[in-house]
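Colleague: What follows is the file data.cif, containing mmCIF, C-alpha atoms and all ligand atoms:
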```cif
data_data
#
loop_
_atom_site.label_atom_id
_atom_site.label_comp_id
_atom_site.auth_asym_id
_atom_site.auth_seq_id
_atom_site.Cartn_x
_atom_site.Cartn_y
_atom_site.Cartn_z
CA PHE A 272 0.00 0.00 0.00
CA ARG A 273 1.25 3.44 -0.96
CA SER A 274 -0.43 6.60 0.15
CA THR A 275 -1.75 8.83 -2.59
CA LYS A 276 -1.10 12.53 -2.34
CA ARG A 277 -3.97 14.83 -3.26
CA ILE A 278 -3.43 18.40 -4.38
CA ILE A 279 -6.06 21.03 -5.20
CA ILE A 280 -5.63 23.57 -7.98
CA GLU A 281 -6.57 26.95 -6.57
CA ASP A 282 -7.55 28.76 -9.74
CA ARG A 283 -7.79 26.76 -12.96
CA ASN A 284 -7.42 29.87 -15.05
CA HIS A 285 -4.27 31.11 -13.35
CA ILE A 286 -2.20 28.02 -12.73
CA LYS A 287 1.19 28.55 -11.16
CA ASP A 288 3.91 26.20 -12.43
CA GLU A 289 4.87 25.71 -8.76
CA GLU A 290 1.55 23.89 -8.17
CA LEU A 291 2.27 21.27 -10.84
CA LYS A 292 6.04 20.87 -10.43
CA GLU A 293 5.91 17.85 -8.15
CA ALA A 294 3.31 16.13 -10.35
CA ALA A 295 5.43 16.72 -13.47
CA GLY A 296 8.45 15.27 -11.65
CA ILE A 297 6.48 12.14 -10.71
CA LEU A 298 5.50 11.62 -14.36
CA ARG A 299 9.08 12.14 -15.54
CA SER A 300 10.41 9.61 -13.07
CA GLY A 301 7.96 6.86 -14.03
CA GLY A 302 5.17 7.43 -11.46
CA LEU A 303 1.42 7.82 -11.89
CA VAL A 304 -0.62 11.03 -11.54
CA ALA A 305 -4.38 11.40 -12.08
CA PHE A 306 -5.38 14.75 -13.55
CA PRO A 307 -8.45 16.55 -14.90
CA THR A 308 -9.13 16.90 -18.61
CA GLU A 309 -12.16 18.49 -20.28
CA THR A 310 -13.67 15.02 -20.93
CA VAL A 311 -13.01 12.82 -17.89
CA TYR A 312 -10.17 12.47 -15.36
CA GLY A 313 -7.12 10.70 -16.77
CA LEU A 314 -4.60 8.37 -15.09
CA GLY A 315 -1.27 9.59 -16.41
CA GLY A 316 2.13 8.01 -16.84
CA ASN A 317 5.09 8.56 -19.22
CA ALA A 318 3.91 7.27 -22.62
CA LEU A 319 7.49 6.44 -23.65
CA ASP A 320 8.13 4.27 -20.60
CA GLU A 321 6.83 0.70 -20.77
CA ASP A 322 7.14 0.29 -17.02
CA ALA A 323 4.83 3.26 -16.48
CA ALA A 324 2.32 1.68 -18.88
CA ARG A 325 2.50 -1.56 -16.90
CA LYS A 326 1.79 0.37 -13.69
CA ILE A 327 -1.23 2.03 -15.31
CA TYR A 328 -2.70 -1.33 -16.34
CA ALA A 329 -2.10 -2.70 -12.85
CA ALA A 330 -3.69 0.31 -11.08
CA LYS A 331 -6.81 0.08 -13.27
CA GLY A 332 -6.99 -3.72 -13.38
CA ARG A 333 -7.14 -3.29 -17.16
CA PRO A 334 -6.14 -5.88 -19.77
CA SER A 335 -2.80 -4.82 -21.26
CA ASP A 336 -3.91 -5.40 -24.86
CA ASN A 337 -6.15 -2.33 -24.53
CA PRO A 338 -3.98 0.55 -25.82
CA LEU A 339 -3.48 3.91 -24.12
CA ILE A 340 -3.93 7.42 -25.52
CA ALA A 341 -0.76 9.57 -25.56
CA HIS A 342 -1.57 13.15 -24.51
CA VAL A 343 0.48 16.06 -25.82
CA SER A 344 0.52 19.79 -24.97
CA CYS A 345 1.20 21.16 -28.47
CA VAL A 346 1.22 20.06 -32.11
CA GLU A 347 5.04 19.94 -32.29
CA GLU A 348 5.00 17.06 -29.80
CA VAL A 349 3.08 14.86 -32.25
CA GLU A 350 5.72 14.48 -34.94
CA PRO A 351 8.25 12.39 -32.96
CA LEU A 352 5.47 9.92 -32.07
CA VAL A 353 4.14 9.18 -35.55
CA LYS A 354 5.39 7.94 -38.97
CA GLU A 355 3.31 10.50 -40.80
CA ILE A 356 0.43 12.90 -40.30
CA PRO A 357 -2.17 12.18 -43.00
CA GLU A 358 -4.03 15.11 -44.57
CA ALA A 359 -7.24 14.30 -42.67
CA GLY A 360 -5.27 14.38 -39.44
CA ARG A 361 -3.91 17.85 -40.16
CA LYS A 362 -7.35 19.18 -40.94
CA LEU A 363 -8.84 17.76 -37.76
CA MET A 364 -5.97 19.06 -35.60
CA GLU A 365 -6.51 22.49 -36.99
CA ALA A 366 -10.26 22.38 -36.46
CA PHE A 367 -10.51 20.67 -33.07
CA TRP A 368 -7.22 20.76 -31.12
CA PRO A 369 -6.79 21.41 -28.32
CA GLY A 370 -10.01 19.57 -27.54
CA PRO A 371 -11.95 16.32 -26.99
CA LEU A 372 -10.63 14.57 -30.11
CA THR A 373 -8.21 11.62 -30.22
CA MET A 374 -6.65 10.52 -33.50
CA ILE A 375 -5.03 7.22 -34.47
CA PHE A 376 -1.75 7.52 -36.41
CA PRO A 377 0.85 5.02 -37.59
CA LYS A 378 3.33 5.00 -34.69
CA SER A 379 7.05 5.79 -34.77
CA GLU A 380 9.76 3.58 -33.23
CA LYS A 381 9.82 5.89 -30.24
CA VAL A 382 6.43 4.76 -28.92
CA PRO A 383 6.76 1.43 -27.10
CA TYR A 384 4.37 -1.46 -27.80
CA GLY A 385 3.70 -1.51 -24.07
CA THR A 386 1.76 1.74 -24.55
CA THR A 387 -0.06 0.75 -27.75
CA GLY A 388 -1.11 -2.72 -26.63
CA GLY A 389 1.10 -4.24 -29.31
CA LEU A 390 -0.42 -2.19 -32.17
CA ASP A 391 1.59 -0.38 -34.87
CA THR A 392 -0.63 2.66 -34.40
CA VAL A 393 -0.76 5.22 -31.62
CA ALA A 394 -3.71 7.24 -30.30
CA ILE A 395 -2.89 10.92 -29.64
CA ARG A 396 -4.88 13.71 -28.05
CA MET A 397 -4.13 17.32 -27.12
CA PRO A 398 -6.46 18.23 -24.24
CA ASP A 399 -7.91 21.68 -23.84
CA ASP A 400 -8.06 21.64 -20.05
CA PRO A 401 -5.52 24.15 -18.70
CA VAL A 402 -4.38 21.86 -15.87
CA ALA A 403 -3.82 18.95 -18.25
CA ASN A 404 -2.08 21.11 -20.80
CA ARG A 405 0.28 22.72 -18.29
CA LEU A 406 1.06 19.41 -16.60
CA ILE A 407 2.02 17.71 -19.88
CA ALA A 408 4.17 20.66 -20.94
CA LEU A 409 5.99 20.70 -17.58
CA ALA A 410 6.50 16.93 -17.61
CA GLY A 411 8.25 17.27 -20.96
CA VAL A 412 7.09 13.81 -22.06
CA PRO A 413 3.91 12.61 -23.79
CA VAL A 414 1.50 11.40 -21.11
CA ALA A 415 -0.33 8.09 -21.56
CA ALA A 416 -3.69 8.43 -19.85
CA PRO A 417 -6.71 6.16 -19.81
CA SER A 418 -9.74 7.27 -17.83
CA ALA A 419 -8.81 7.16 -14.13
CA ASN A 420 -11.42 4.58 -13.09
CA THR A 421 -11.03 0.96 -12.08
CA SER A 422 -11.59 -1.06 -15.25
CA GLY A 423 -15.31 -1.72 -15.71
CA ARG A 424 -16.50 1.20 -13.54
CA PRO A 425 -17.95 4.44 -14.92
CA SER A 426 -15.29 6.99 -15.91
CA PRO A 427 -14.49 9.60 -13.23
CA THR A 428 -15.76 13.13 -13.71
CA THR A 429 -14.63 14.47 -10.30
CA ALA A 430 -11.48 14.04 -8.21
CA ASP A 431 -13.62 12.25 -5.60
CA HIS A 432 -14.52 9.57 -8.14
CA VAL A 433 -10.81 9.10 -8.82
CA TRP A 434 -10.10 8.94 -5.10
CA GLN A 435 -12.73 6.19 -4.65
CA ASP A 436 -11.08 4.03 -7.30
CA MET A 437 -7.39 4.92 -7.09
CA ASN A 438 -6.50 5.90 -3.52
CA GLY A 439 -3.46 3.85 -2.52
CA ARG A 440 -2.80 2.70 -6.09
CA ILE A 441 -1.17 5.78 -7.61
CA ASP A 442 1.21 8.52 -6.49
CA MET A 443 -0.92 11.64 -6.83
CA ILE A 444 -4.38 12.98 -7.68
CA ILE A 445 -4.72 16.55 -8.94
CA ASP A 446 -8.12 17.98 -8.04
CA GLY A 447 -9.08 20.53 -10.67
CA GLY A 448 -12.81 20.46 -9.95
CA PRO A 449 -15.51 18.67 -11.94
CA VAL A 450 -14.84 18.15 -15.67
CA GLY A 451 -16.77 20.06 -18.33
CA ILE A 452 -17.89 17.49 -20.90
CA GLY A 453 -18.29 14.27 -18.95
CA VAL A 454 -17.85 11.64 -21.71
CA GLU A 455 -14.54 10.51 -23.20
CA SER A 456 -13.04 12.02 -26.35
CA THR A 457 -14.16 11.19 -29.87
CA ILE A 458 -11.69 8.75 -31.47
CA VAL A 459 -11.04 9.03 -35.21
CA ASP A 460 -8.73 6.69 -37.10
CA VAL A 461 -6.96 8.85 -39.68
CA SER A 462 -4.52 6.08 -40.61
CA SER A 463 -7.06 4.49 -43.00
CA ALA A 464 -8.18 5.80 -46.44
CA VAL A 465 -11.58 6.98 -45.21
CA PRO A 466 -11.33 8.40 -41.68
CA ALA A 467 -13.38 6.28 -39.28
CA VAL A 468 -15.00 7.17 -35.97
CA LEU A 469 -14.11 4.48 -33.44
CA ARG A 470 -15.75 6.12 -30.41
CA PRO A 471 -18.29 8.96 -30.45
CA GLY A 472 -17.75 12.01 -28.23
CA ALA A 473 -18.19 15.76 -28.02
CA ILE A 474 -16.64 16.27 -31.47
CA THR A 475 -19.72 14.92 -33.22
CA MET A 476 -20.23 13.17 -36.58
CA GLU A 477 -21.85 16.35 -37.84
CA MET A 478 -18.74 18.38 -36.88
CA LEU A 479 -16.35 15.85 -38.42
CA GLU A 480 -18.31 15.66 -41.68
CA GLU A 481 -18.21 19.39 -41.98
CA VAL A 482 -14.41 19.32 -41.99
CA LEU A 483 -13.74 16.03 -43.82
CA GLY A 484 -16.75 15.35 -45.99
CA GLU A 485 -16.84 11.57 -45.85
CA VAL A 486 -16.45 9.83 -42.49
CA SER A 487 -17.22 6.20 -41.70
CA VAL A 488 -18.37 4.70 -38.42
CA ASP A 489 -16.92 1.57 -36.84
CA PRO A 490 -19.79 -0.92 -36.31
CA ALA A 491 -18.71 -1.36 -32.69
CA ILE A 492 -20.24 2.05 -31.93
CA LEU A 493 -23.70 1.10 -33.05
CA GLY A 494 -24.47 -2.08 -31.20
CA PRO A 495 -23.20 -5.30 -29.65
CA LEU A 496 -20.52 -7.10 -31.64
CA SER A 497 -20.74 -10.75 -32.50
CA ALA A 498 -17.83 -12.76 -31.16
CA ASP A 499 -16.05 -12.96 -34.52
CA VAL A 500 -15.91 -9.20 -35.22
CA ARG A 501 -12.96 -7.20 -33.91
CA PRO A 502 -13.59 -3.55 -33.13
CA LYS A 503 -10.82 -1.22 -34.28
CA ALA A 504 -10.53 0.35 -30.84
CA PRO A 505 -9.78 -2.69 -28.67
CA GLY A 506 -11.43 -0.95 -25.71
CA MET A 507 -14.81 -1.08 -27.42
CA LYS A 508 -14.99 -4.86 -27.01
CA TYR A 509 -15.01 -4.72 -23.24
CA LYS A 510 -18.21 -4.20 -21.30
CA HIS A 511 -17.26 -0.74 -20.08
CA TYR A 512 -19.02 1.76 -17.90
CA ALA A 513 -20.93 -0.99 -16.16
CA PRO A 514 -23.04 0.05 -13.21
CA LYS A 515 -23.48 -2.59 -10.49
CA ALA A 516 -27.24 -2.70 -11.06
CA ASP A 517 -28.98 -4.26 -14.05
CA LEU A 518 -29.70 -1.33 -16.40
CA THR A 519 -32.41 -1.34 -19.09
CA LEU A 520 -33.02 1.47 -21.58
CA VAL A 521 -36.46 2.26 -22.93
CA GLU A 522 -36.37 3.66 -26.43
CA PRO A 523 -39.03 4.92 -28.81
CA GLY A 524 -39.32 2.44 -31.69
CA THR A 525 -39.63 3.02 -35.40
CA GLY A 526 -42.81 4.19 -37.24
CA ALA A 527 -45.01 1.11 -36.80
CA ASP A 528 -44.09 0.53 -33.13
CA ARG A 529 -44.65 4.17 -32.45
CA GLU A 530 -48.21 4.22 -33.71
CA SER A 531 -49.21 1.25 -31.60
CA GLY A 532 -47.54 2.95 -28.64
CA ALA A 533 -49.58 6.07 -29.22
CA GLU A 534 -52.80 4.08 -29.37
CA GLN A 535 -52.26 2.96 -25.81
CA VAL A 536 -52.84 6.50 -24.56
CA THR A 537 -56.49 5.97 -23.75
CA GLY A 538 -59.07 6.07 -20.97
CA ALA A 539 -57.94 5.87 -17.36
CA GLU A 540 -54.29 5.73 -18.41
CA GLN A 541 -54.47 9.29 -19.61
CA LYS A 542 -54.86 10.53 -16.07
CA THR A 543 -51.55 9.13 -14.89
CA GLY A 544 -48.62 11.44 -14.31
CA ALA A 545 -46.92 9.94 -17.32
CA ASP A 546 -49.38 11.68 -19.57
CA ARG A 547 -48.65 15.15 -18.34
CA ASN A 548 -47.30 17.20 -21.15
CA THR A 549 -43.54 17.35 -20.62
CA GLY A 550 -43.21 20.33 -22.94
CA ALA A 551 -39.94 18.80 -24.14
CA ALA A 552 -41.06 17.34 -27.41
CA GLN A 553 -40.36 19.96 -30.07
CA GLU A 554 -36.97 20.97 -28.76
CA THR A 555 -35.65 17.43 -28.51
CA GLY A 556 -36.55 15.66 -31.73
CA LEU A 557 -39.16 13.42 -30.10
CA GLU A 558 -42.90 13.64 -30.45
CA GLU A 559 -44.92 14.11 -27.30
CA THR A 560 -46.61 10.72 -27.82
CA GLN A 561 -43.21 9.02 -28.09
CA LEU A 562 -41.99 10.70 -24.94
CA GLN A 563 -45.10 9.71 -23.06
CA ALA A 564 -45.02 6.11 -24.25
CA MET A 565 -41.38 5.91 -23.11
CA ILE A 566 -42.14 7.40 -19.70
CA ARG A 567 -45.09 5.07 -19.22
CA LYS A 568 -42.92 2.05 -20.03
CA VAL A 569 -40.19 3.12 -17.58
CA ARG A 570 -42.87 3.50 -14.90
CA GLU A 571 -44.39 0.12 -15.69
CA LEU A 572 -41.07 -1.76 -15.69
CA SER A 573 -39.87 -0.12 -12.47
CA ARG A 574 -43.16 -0.76 -10.69
CA GLU A 575 -42.99 -4.47 -11.59
CA LYS A 576 -39.58 -4.79 -9.96
CA ILE A 577 -40.52 -2.72 -6.94
CA GLU A 578 -43.56 -4.95 -6.39
CA ALA A 579 -41.28 -7.97 -6.62
CA GLY A 580 -39.29 -6.50 -3.70
CA TYR A 581 -36.31 -5.03 -5.50
CA LYS A 582 -34.66 -1.64 -5.03
CA VAL A 583 -35.10 0.28 -8.28
CA GLY A 584 -33.48 3.37 -9.77
CA VAL A 585 -35.08 5.51 -12.47
CA ILE A 586 -33.14 7.74 -14.87
CA CYS A 587 -35.38 10.56 -16.02
CA THR A 588 -34.84 14.11 -17.27
CA ASP A 589 -35.59 17.54 -15.82
CA GLU A 590 -38.62 17.69 -18.10
CA SER A 591 -40.06 14.33 -16.98
CA ARG A 592 -39.09 14.41 -13.29
CA ASP A 593 -42.66 15.00 -12.13
CA CYS A 594 -43.97 12.02 -14.08
CA TYR A 595 -42.37 9.55 -11.65
CA THR A 596 -43.34 8.63 -8.12
CA ASP A 597 -41.81 5.20 -7.46
CA GLY A 598 -38.20 4.16 -6.86
CA GLU A 599 -35.01 6.20 -6.57
CA VAL A 600 -35.76 8.79 -9.26
CA ARG A 601 -32.84 10.90 -10.56
CA SER A 602 -32.65 13.34 -13.44
CA ILE A 603 -29.71 12.89 -15.78
CA GLY A 604 -30.08 16.45 -17.12
CA ALA A 605 -32.33 18.45 -19.42
CA ARG A 606 -33.52 16.99 -22.73
CA LYS A 607 -33.11 20.38 -24.27
CA SER A 608 -29.41 20.40 -23.30
CA GLN A 609 -27.53 17.32 -24.51
CA ALA A 610 -24.43 18.78 -22.85
CA SER A 611 -26.10 18.58 -19.42
CA VAL A 612 -26.95 14.90 -19.99
CA ALA A 613 -23.37 14.02 -21.01
CA HIS A 614 -22.04 16.01 -18.07
CA ASN A 615 -24.08 14.11 -15.45
CA LEU A 616 -24.11 10.63 -16.98
CA TYR A 617 -21.22 8.89 -15.21
CA ALA A 618 -21.75 10.62 -11.86
CA LEU A 619 -25.34 9.37 -11.90
CA LEU A 620 -24.29 5.77 -12.62
CA ARG A 621 -21.88 6.01 -9.69
CA GLU A 622 -24.63 7.42 -7.47
CA PHE A 623 -26.80 4.39 -8.25
CA ASP A 624 -23.86 2.12 -7.40
CA ASP A 625 -23.65 3.83 -4.00
CA LEU A 626 -27.41 3.58 -3.46
CA GLY A 627 -27.18 -0.16 -4.07
CA VAL A 628 -30.16 -0.43 -6.41
CA ASP A 629 -30.81 -3.81 -8.07
CA TYR A 630 -32.36 -2.52 -11.29
CA ILE A 631 -32.19 0.76 -13.18
CA PHE A 632 -34.64 1.79 -15.89
CA SER A 633 -33.69 4.72 -18.06
CA GLU A 634 -35.25 6.96 -20.65
CA SER A 635 -33.22 7.20 -23.85
CA PHE A 636 -32.22 10.00 -26.21
CA PRO A 637 -32.15 10.79 -29.93
CA LYS A 638 -28.77 9.90 -31.44
CA ASP A 639 -27.94 13.09 -33.29
CA HIS A 640 -25.04 15.39 -32.28
CA LEU A 641 -23.85 14.63 -28.73
CA GLY A 642 -26.77 12.17 -28.45
CA GLN A 643 -24.69 9.57 -30.31
CA ALA A 644 -22.07 9.58 -27.56
CA ILE A 645 -24.72 9.63 -24.82
CA MET A 646 -26.57 6.64 -26.27
CA ASN A 647 -23.31 4.79 -26.99
CA ARG A 648 -22.33 5.02 -23.30
CA LEU A 649 -25.82 4.28 -21.95
CA SER A 650 -26.30 1.31 -24.32
CA LYS A 651 -22.96 -0.17 -23.30
CA ALA A 652 -23.73 0.36 -19.63
CA ALA A 653 -26.99 -1.51 -20.26
CA GLY A 654 -25.18 -4.34 -22.03
CA TYR A 655 -27.46 -3.35 -24.98
CA LYS A 656 -30.60 -4.27 -23.04
CA ILE A 657 -33.06 -1.98 -24.78
CA VAL A 658 -36.85 -2.17 -24.67
CA LYS A 659 -38.64 -0.50 -27.59
CA VAL A 660 -42.04 1.10 -27.15
O1 LIG A 701 -11.28 11.56 -23.19
C1 LIG A 701 -10.44 10.65 -23.22
O2 LIG A 701 -10.04 10.15 -24.27
C2 LIG A 701 -9.87 10.16 -21.88
C3 LIG A 701 -9.06 11.31 -21.26
C4 LIG A 701 -8.32 10.89 -20.03
O3 LIG A 701 -8.21 11.85 -22.23
N1 LIG A 701 -9.12 8.97 -22.05
C5 LIG A 701 -9.67 7.78 -22.34
O4 LIG A 701 -8.79 6.73 -22.42
O5 LIG A 701 -10.87 7.63 -22.51
P1 LIG A 701 -9.25 5.20 -22.35
O6 LIG A 701 -7.97 4.44 -22.23
O7 LIG A 701 -10.23 4.99 -21.26
O8 LIG A 701 -9.85 4.90 -23.74
C6 LIG A 701 -9.01 4.85 -24.86
C7 LIG A 701 -9.67 4.15 -26.02
C8 LIG A 701 -9.80 2.66 -25.81
O9 LIG A 701 -11.08 2.23 -26.27
C9 LIG A 701 -8.69 2.11 -26.69
O10 LIG A 701 -8.98 0.82 -27.15
C10 LIG A 701 -8.63 3.13 -27.82
O11 LIG A 701 -8.84 4.35 -27.16
N2 LIG A 701 -7.31 3.18 -28.47
C11 LIG A 701 -6.14 3.57 -27.93
N3 LIG A 701 -5.12 3.43 -28.80
C12 LIG A 701 -5.65 2.93 -29.93
C13 LIG A 701 -5.13 2.53 -31.20
N4 LIG A 701 -3.83 2.63 -31.48
N5 LIG A 701 -5.99 2.05 -32.13
C14 LIG A 701 -7.31 1.96 -31.86
N6 LIG A 701 -7.87 2.30 -30.67
C15 LIG A 701 -7.06 2.77 -29.72
MG MG A 702 -11.91 4.27 -20.16
#
```
Once you've parsed the file, please lay out its structure as structure tokens.
Ligand code: TXA
Ligand code: MG
Modeller:
Amino acid sequence: FRSTKRIIIEDRNHIKDEELKEAAGILRSGGLVAFPTETVYGLGGNALDEDAARKIYAAKGRPSDNPLIAHVSCVEEVEPLVKEIPEAGRKLMEAFWPGPLTMIFPKSEKVPYGTTGGLDTVAIRMPDDPVANRLIALAGVPVAAPSANTSGRPSPTTADHVWQDMNGRIDMIIDGGPVGIGVESTIVDVSSAVPAVLRPGAITMEMLEEVLGEVSVDPAILGPLSADVRPKAPGMKYKHYAPKADLTLVEPGTGADRESGAEQVTGAEQKTGADRNTGAAQETGLEETQLQAMIRKVRELSREKIEAGYKVGVICTDESRDCYTDGEVRSIGARKSQASVAHNLYALLREFDDLGVDYIFSESFPKDHLGQAIMNRLSKAAGYKIVKV
């Protein structure tokens, strides 16, 4: 057992090098430091040091064939790590760095296989967070950093989350307050002919298409993979982000399902709380009948489990909060602000872990813009258990 030092950044917008000097020294000498980024907290170690990579895998309990992202503080630091920077990569750097975008490049000799999980490619990201950026610059080495959670737990969005998982396992935690975005970076493979999105994030498909024109999507993003298909991002094959409870999503179906759902809004049913107008429909790409059918299903499924004696959690939204009476009801954010939903997602899954619920039933979200990342994380957390209404 080692004790983990915790430091607090006083003012994120006026960081003094003094505050980060010790942390940078730990990274340079092969130790591990957790730090804030704009997406989630990262667990950092020297990306050029295989021993540091080994320590990261051990601290997380993560399989060592799952490669790490190398974080840099400026564009000049990319060149020594890669064989080449394809045109698409340059365009995306210019448009979105520093920011929540990771790119896959062919790796140079300098990057050890211990960091890339044996792959000939390397994932690189330049974070926008001022603490992360300053720390990497001061360390003077690229910083390998997976999310700072125990493997299989939701990613940490506060220093307390990191503390829960990593106290005693790493050298230092830098508390820079809660993160801004709340879901991990978008990953784009620019080493292939047509750039491919391997993990959706805050740099959305729509944003990427605007810069690149054609972008493809790795099938691993969209649904469960059959055993014989290999996702391009090895991490996508693991059941990530898993809450302890059994999570089920309720999703509005396609045309035909929808109509039959709408027909059920009749008679006595109409007087239930679920049929209150949520006022969220127009702004969120869902029709009011779809929203109400979804809410009614979440209520029905949770009530069944409560009656069977289980402790049940409900994931609703600010707009639908008043429609629920039974179970541990928590809002994940406002439907009209996808950013608020992404921001609260992992903290809410952790809260349900702490509450010790047996089942969670959740509303779902349209998959446009940031909704693709939100539904990717929720679907994975649910092990793709999705009920259509
Ligand atoms: O927002 C983020 O990206 C955060 C913060 C800390 O920067 N980091 C993060 O790292 O989410 P991690 O290790 O939890 O997820 C990295 C993902 C994994 O799914 C991994 O398989 C994929 O990136 N990856 C890394 N290197 C790769 C490579 N060379 N080819 C394909 N996928 C790669
Ligand atoms: Mg992770």
Colleague: Under the rule that all atoms listed in the file are counted, which of A:Ile441, A:Ile279, A:Ala323, A:Cys345 is the nearest residue to Ala305 of chain A?
Modeller: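 Smallest distance to Ala305 of chain A is found for A:Ile441.
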Colleague: Contacts of segment 329-331 of chain A at 10 Å or less, counting all atoms listed in the file, minus same-chain residues fewer than 5 places along, as a PyMOL selection string?
Modeller: chain A and resi 303+314+323-324+417-424+436-441
Colleague: Have a look at A:Gln643, A:Gln435, A:Thr310, A:Ser379 and name the one nearest to ligand MG 702 (chain A); count all atoms listed in the file.
Modeller: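 Distance minimum relative to ligand MG 702 (chain A) lands on A:Thr310.
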Colleague: A:Ala579, A:Val414, A:Ile280, A:Cys587: which is nearest Ala605 of chain A, counting only C-alpha atoms?
Modeller: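 Distance minimum relative to Ala605 of chain A lands on A:Cys587.
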Colleague: Grab me every residue within 6 Å of ligand LIG 701 (chain A), counting only C-alpha atoms and all ligand atoms, and send it over as a ChimeraX atom specification.
Modeller: /A:310-313,337-340,375,387,390,392-394,416-418,455-456,503-507
Colleague: So which one's closest to Gly453 of chain A, A:Glu309, A:Asp282, A:Asp336, A:Glu347? Using only C-alpha atoms, please.
Modeller: A:Glu309
Colleague: Quick one: residues within 12 Å of Ile445 of chain A, all atoms listed in the file, excluding same-chain residues fewer than 5 positions away - as number ranges by chain?
Modeller: A: 275-281, 283, 290-295, 303-308, 312-315, 402-403, 406, 419, 429-431, 433-434
Colleague: Please determine the residues with any atom at most 10 Å from (-43.7, -1.5, -21.9) (coordinates as given in the file, with all atoms listed in the file counting) and report them as a list in words.
Modeller: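 The residues near that point, listed by chain and number, are Val521, Gly532, Ala564, Met565, Ile566, Arg567, Lys568, Val569, Arg570, Glu571, Leu572, Val658, Lys659 and Val660 of chain A.
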Colleague: Pick out the residues sitting within 12 Å of Glu365 of chain A, and hand them over as an mmCIF file with C-alpha atoms, in the frame of the given file; count all atoms listed in the file, and ignore anything fewer than 6 positions along from it in its own chain.
Modeller:
```cif
data_model
loop_
_atom_site.group_PDB
_atom_site.id
_atom_site.type_symbol
_atom_site.label_atom_id
_atom_site.label_comp_id
_atom_site.auth_asym_id
_atom_site.auth_seq_id
_atom_site.Cartn_x
_atom_site.Cartn_y
_atom_site.Cartn_z
ATOM 1 C CA CYS A 345 1.200 21.160 -28.470
ATOM 2 C CA VAL A 346 1.220 20.060 -32.110
ATOM 3 C CA GLU A 358 -4.030 15.110 -44.570
ATOM 4 C CA ALA A 359 -7.240 14.300 -42.670
ATOM 5 C CA LEU A 372 -10.630 14.570 -30.110
ATOM 6 C CA MET A 397 -4.130 17.320 -27.120
ATOM 7 C CA LEU A 479 -16.350 15.850 -38.420
ATOM 8 C CA VAL A 482 -14.410 19.320 -41.990
ATOM 9 C CA LEU A 483 -13.740 16.030 -43.820
#
```
Colleague: Which is closer to ligand MG 702 (chain A) than all the others in A:Gly654, A:Gly472, A:Pro427, A:Gly296, using only C-alpha atoms and all ligand atoms?
Modeller: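 Using only C-alpha atoms and all ligand atoms, the shortest distance to ligand MG 702 (chain A) belongs to A:Pro427.
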Colleague: For a test of reading the model, state the distance in Å between atom CA of Ile577 of chain A and atom CA of Leu649 of chain A, rounded to one decimal.
Modeller: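 Atom CA of Leu649 of chain A lies 22.1 Å from atom CA of Ile577 of chain A.
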Colleague: Closest to ligand MG 702 (chain A) among A:Tyr581, A:Ile452, A:Arg648, A:Leu557, using all atoms listed in the file?
Modeller: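 Of the candidates, the smallest distance to ligand MG 702 (chain A) is held by A:Arg648.
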